[in-house]
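What follows is a single structure, written as structure tokens, with notes after it.
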Amino acid sequence: MAESLERNTALTLSHERSAQTSNGYVMLLVIVAALACAGFGISEIDESDLGGILIAVGALVTAFVAGGFYMQQPNQATAITLFGAYKGTDRVTGLRWVLPWLWRKQVSLRANNMISERLKVNDLRGNPIEIAAQVVWRVTDTAQALFDIDDYKAFVIVQIEAAVRTIGARYPYDDYEHQEVTLRGNHDQVAQELRAELIARLVTAGITVDECGFTHLAYAPEIAGAMLRRQQAQAVVAARATLVEGAVGMVEMALDLLSAKGVVELDDERRAAMVSNLMVVLCGERDTQPVVNAGSLYQ
């Protein structure tokens, strides 16, 4: 059932093909010849009936040919239809000509740059975030863009919003343990997935995506303050962990050097006191104040 539905859907899709058009400059020569014929007829109109016939033929040919001209700039295409039936697309630039009764619709093939609105999305962990994307897209199949989609520009806007919401909910905003792919920490990878998602969504409209990326990514205002405090706390904890790890290594190295060089023999109590003093000195946020002990360690 699903396969037949997909097959029927594929059969209804339009596909671009080349249209039968002519060089407009050649048809200009035809108009020049028709005008020359009409001019000759005017000079002969008083002498014979041939002059009137030439004038009529020249006027009819000029009117007929003049109705089929159109201009086409670089990176533009013109879709040709006859009474609603698609006859092909002309991508040749310059002055072009088709039969006057053929309907012509020009489509831009140039790249379009679009920045989506800021959307509020819940990330993988359910945290509300604000996200916006910049997308560079262009039409690749004029038949699909014109005949398979009612308004392909509006279609692009809706699909960009849907794709941004999908990608935003697929990953967490941040991972402080650096074990997951995140929106903030893996920007290039997420942007590639967003582009693949957009291409898959826009292929039915004959549109491709050249480039995309996030222009705005932040926690929603209602949780931004709490998340900032969380980030600060985690940063402090990480800094403290690094500081303590370094201090323990320095204390261990100091004790090993003292024992190896025989500077002083330390029993367990003296060793514990030295470790305590060194850890205070190395881990304290303020400068330490030395205390002179006038007695002994055991008094």
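Ligands are numbered from 1 in the order shown, chains are lettered A, B, ... in the order of the structure tokens, and residues start at 1 in each chain.
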Using only C-alpha atoms, which residues sit within 8 Å of A:Trp97 once same-chain residues fewer than 4 positions away are excluded, as a PDB file with N, CA and C atoms, in the first residue's frame?
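New file out.pdb:
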```
ATOM      1  N   THR A  21      12.174  26.807 -28.428  1.00  0.00           N
ATOM      2  CA  THR A  21      12.144  28.254 -28.597  1.00  0.00           C
ATOM      3  C   THR A  21      13.115  28.653 -29.705  1.00  0.00           C
ATOM      4  N   SER A  22      13.048  29.919 -30.113  1.00  0.00           N
ATOM      5  CA  SER A  22      13.880  30.411 -31.210  1.00  0.00           C
ATOM      6  C   SER A  22      14.697  31.603 -30.764  1.00  0.00           C
ATOM      7  N   ASN A  23      15.732  31.879 -31.551  1.00  0.00           N
ATOM      8  CA  ASN A  23      16.571  33.044 -31.315  1.00  0.00           C
ATOM      9  C   ASN A  23      15.792  34.300 -31.678  1.00  0.00           C
ATOM     10  N   GLY A  24      15.703  35.228 -30.742  1.00  0.00           N
ATOM     11  CA  GLY A  24      14.929  36.435 -30.978  1.00  0.00           C
ATOM     12  C   GLY A  24      15.519  37.337 -32.039  1.00  0.00           C
ATOM     13  N   MET A  27      14.255  36.419 -35.432  1.00  0.00           N
ATOM     14  CA  MET A  27      12.890  36.868 -35.637  1.00  0.00           C
ATOM     15  C   MET A  27      12.825  38.374 -35.824  1.00  0.00           C
ATOM     16  N   GLY A  68       5.682  37.378 -29.730  1.00  0.00           N
ATOM     17  CA  GLY A  68       6.389  36.230 -29.173  1.00  0.00           C
ATOM     18  C   GLY A  68       7.740  36.533 -28.565  1.00  0.00           C
ATOM     19  N   PHE A  69       8.137  37.810 -28.499  1.00  0.00           N
ATOM     20  CA  PHE A  69       9.447  38.156 -27.947  1.00  0.00           C
ATOM     21  C   PHE A  69       9.428  38.177 -26.418  1.00  0.00           C
ATOM     22  N   TYR A  70      10.548  37.786 -25.827  1.00  0.00           N
ATOM     23  CA  TYR A  70      10.772  37.982 -24.390  1.00  0.00           C
ATOM     24  C   TYR A  70      12.272  37.996 -24.131  1.00  0.00           C
TER      25      TYR A  70
END
```
Helix (DSSP H, G or I) positions in stretch 17-224 of chain A, given as number ranges by chain: A: 24-43, 50-66, 142-147, 152-170, 187-205, 221-224
Within 12 Å of A:Gln72, counting only C-alpha atoms, which residues qualify if same-chain residues fewer than 3 places away don't, as a ChimeraX atom specification? /A:23-24,69,75-79,89-97,104-109
Serialized selection, N, CA and C atoms, as a PDB file, in the first residue's frame:
```pdb
ATOM      1  N   ASN A  23      15.732  31.879 -31.551  1.00  0.00           N
ATOM      2  CA  ASN A  23      16.571  33.044 -31.315  1.00  0.00           C
ATOM      3  C   ASN A  23      15.792  34.300 -31.678  1.00  0.00           C
ATOM      4  N   GLY A  24      15.703  35.228 -30.742  1.00  0.00           N
ATOM      5  CA  GLY A  24      14.929  36.435 -30.978  1.00  0.00           C
ATOM      6  C   GLY A  24      15.519  37.337 -32.039  1.00  0.00           C
ATOM      7  N   PHE A  69       8.137  37.810 -28.499  1.00  0.00           N
ATOM      8  CA  PHE A  69       9.447  38.156 -27.947  1.00  0.00           C
ATOM      9  C   PHE A  69       9.428  38.177 -26.418  1.00  0.00           C
ATOM     10  N   ASN A  75      20.960  33.466 -15.287  1.00  0.00           N
ATOM     11  CA  ASN A  75      20.375  32.821 -14.111  1.00  0.00           C
ATOM     12  C   ASN A  75      18.874  33.062 -14.013  1.00  0.00           C
ATOM     13  N   GLN A  76      18.228  33.062 -15.174  1.00  0.00           N
ATOM     14  CA  GLN A  76      16.779  33.070 -15.240  1.00  0.00           C
ATOM     15  C   GLN A  76      16.329  31.951 -16.177  1.00  0.00           C
ATOM     16  N   ALA A  77      15.114  31.497 -15.971  1.00  0.00           N
ATOM     17  CA  ALA A  77      14.532  30.481 -16.845  1.00  0.00           C
ATOM     18  C   ALA A  77      13.078  30.862 -17.116  1.00  0.00           C
ATOM     19  N   THR A  78      12.565  30.416 -18.247  1.00  0.00           N
ATOM     20  CA  THR A  78      11.184  30.710 -18.625  1.00  0.00           C
ATOM     21  C   THR A  78      10.462  29.407 -18.900  1.00  0.00           C
ATOM     22  N   ALA A  79       9.410  29.162 -18.133  1.00  0.00           N
ATOM     23  CA  ALA A  79       8.578  27.974 -18.336  1.00  0.00           C
ATOM     24  C   ALA A  79       7.518  28.288 -19.386  1.00  0.00           C
ATOM     25  N   THR A  89      11.048  24.260 -20.566  1.00  0.00           N
ATOM     26  CA  THR A  89      11.667  25.442 -19.951  1.00  0.00           C
ATOM     27  C   THR A  89      12.836  25.895 -20.806  1.00  0.00           C
ATOM     28  N   ASP A  90      12.910  27.191 -21.014  1.00  0.00           N
ATOM     29  CA  ASP A  90      14.003  27.785 -21.780  1.00  0.00           C
ATOM     30  C   ASP A  90      14.984  28.422 -20.799  1.00  0.00           C
ATOM     31  N   ARG A  91      16.262  28.006 -20.857  1.00  0.00           N
ATOM     32  CA  ARG A  91      17.297  28.560 -19.991  1.00  0.00           C
ATOM     33  C   ARG A  91      18.333  29.389 -20.762  1.00  0.00           C
ATOM     34  N   VAL A  92      18.115  29.583 -22.068  1.00  0.00           N
ATOM     35  CA  VAL A  92      19.061  30.340 -22.894  1.00  0.00           C
ATOM     36  C   VAL A  92      18.844  31.830 -22.640  1.00  0.00           C
ATOM     37  N   THR A  93      19.929  32.571 -22.430  1.00  0.00           N
ATOM     38  CA  THR A  93      19.831  33.994 -22.133  1.00  0.00           C
ATOM     39  C   THR A  93      19.770  34.813 -23.421  1.00  0.00           C
ATOM     40  N   GLY A  94      19.330  36.059 -23.285  1.00  0.00           N
ATOM     41  CA  GLY A  94      19.261  36.972 -24.416  1.00  0.00           C
ATOM     42  C   GLY A  94      17.837  37.176 -24.900  1.00  0.00           C
ATOM     43  N   LEU A  95      17.710  37.636 -26.131  1.00  0.00           N
ATOM     44  CA  LEU A  95      16.403  37.864 -26.746  1.00  0.00           C
ATOM     45  C   LEU A  95      15.898  36.542 -27.317  1.00  0.00           C
ATOM     46  N   ARG A  96      14.722  36.110 -26.850  1.00  0.00           N
ATOM     47  CA  ARG A  96      14.162  34.818 -27.248  1.00  0.00           C
ATOM     48  C   ARG A  96      12.780  35.022 -27.875  1.00  0.00           C
ATOM     49  N   TRP A  97      12.310  33.962 -28.571  1.00  0.00           N
ATOM     50  CA  TRP A  97      10.997  34.057 -29.225  1.00  0.00           C
ATOM     51  C   TRP A  97      10.310  32.702 -29.199  1.00  0.00           C
ATOM     52  N   ARG A 104       4.139  32.310 -20.949  1.00  0.00           N
ATOM     53  CA  ARG A 104       5.526  32.320 -20.470  1.00  0.00           C
ATOM     54  C   ARG A 104       5.572  32.793 -19.017  1.00  0.00           C
ATOM     55  N   LYS A 105       6.282  32.032 -18.191  1.00  0.00           N
ATOM     56  CA  LYS A 105       6.453  32.378 -16.773  1.00  0.00           C
ATOM     57  C   LYS A 105       7.932  32.314 -16.428  1.00  0.00           C
ATOM     58  N   GLN A 106       8.497  33.451 -16.045  1.00  0.00           N
ATOM     59  CA  GLN A 106       9.922  33.501 -15.725  1.00  0.00           C
ATOM     60  C   GLN A 106      10.158  33.150 -14.256  1.00  0.00           C
ATOM     61  N   VAL A 107      11.226  32.385 -14.020  1.00  0.00           N
ATOM     62  CA  VAL A 107      11.613  31.950 -12.676  1.00  0.00           C
ATOM     63  C   VAL A 107      13.085  32.290 -12.474  1.00  0.00           C
ATOM     64  N   SER A 108      13.399  32.864 -11.341  1.00  0.00           N
ATOM     65  CA  SER A 108      14.787  33.194 -11.032  1.00  0.00           C
ATOM     66  C   SER A 108      15.524  31.946 -10.548  1.00  0.00           C
ATOM     67  N   LEU A 109      16.711  31.725 -11.116  1.00  0.00           N
ATOM     68  CA  LEU A 109      17.564  30.617 -10.693  1.00  0.00           C
ATOM     69  C   LEU A 109      18.690  31.103  -9.786  1.00  0.00           C
TER      70      LEU A 109
END
```
Residues at most 9 Å from A:Val156, counting only C-alpha atoms, excluding those fewer than 6 positions away in the same chain, as a VMD selection string? chain A and resid 137 198 201 to 202 205 207
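Coordinates place atom CA of A:Gly52 at a distance of 28.2 Å from atom CA of A:Val98.
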Using DSSP assignments from the backbone, pull out every residue in stretch 6-236 of chain A that falls under strand (DSSP E or B) and give it to me as a count of residues only. 63
Mind checking which residues fall within 10 Å of A:Thr166, counting only C-alpha atoms, ignoring those fewer than 3 positions away in the same chain, and posting them as a PyMOL selection string? chain A and resi 121-123+160-163+169-171+194+197
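Of the residues listed (A:Ala238, A:Val181, A:Val139, A:Leu243), A:Val139 shows the shortest atom-to-atom separation from A:Asp210; distances use only C-alpha atoms.
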With only C-alpha atoms as the basis for distance, which of A:Ala191, A:Leu257, A:Leu99, A:Ile131 is at the shortest distance from A:Ile115?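 With only C-alpha atoms as the atom set, the closest residue is A:Ile131.
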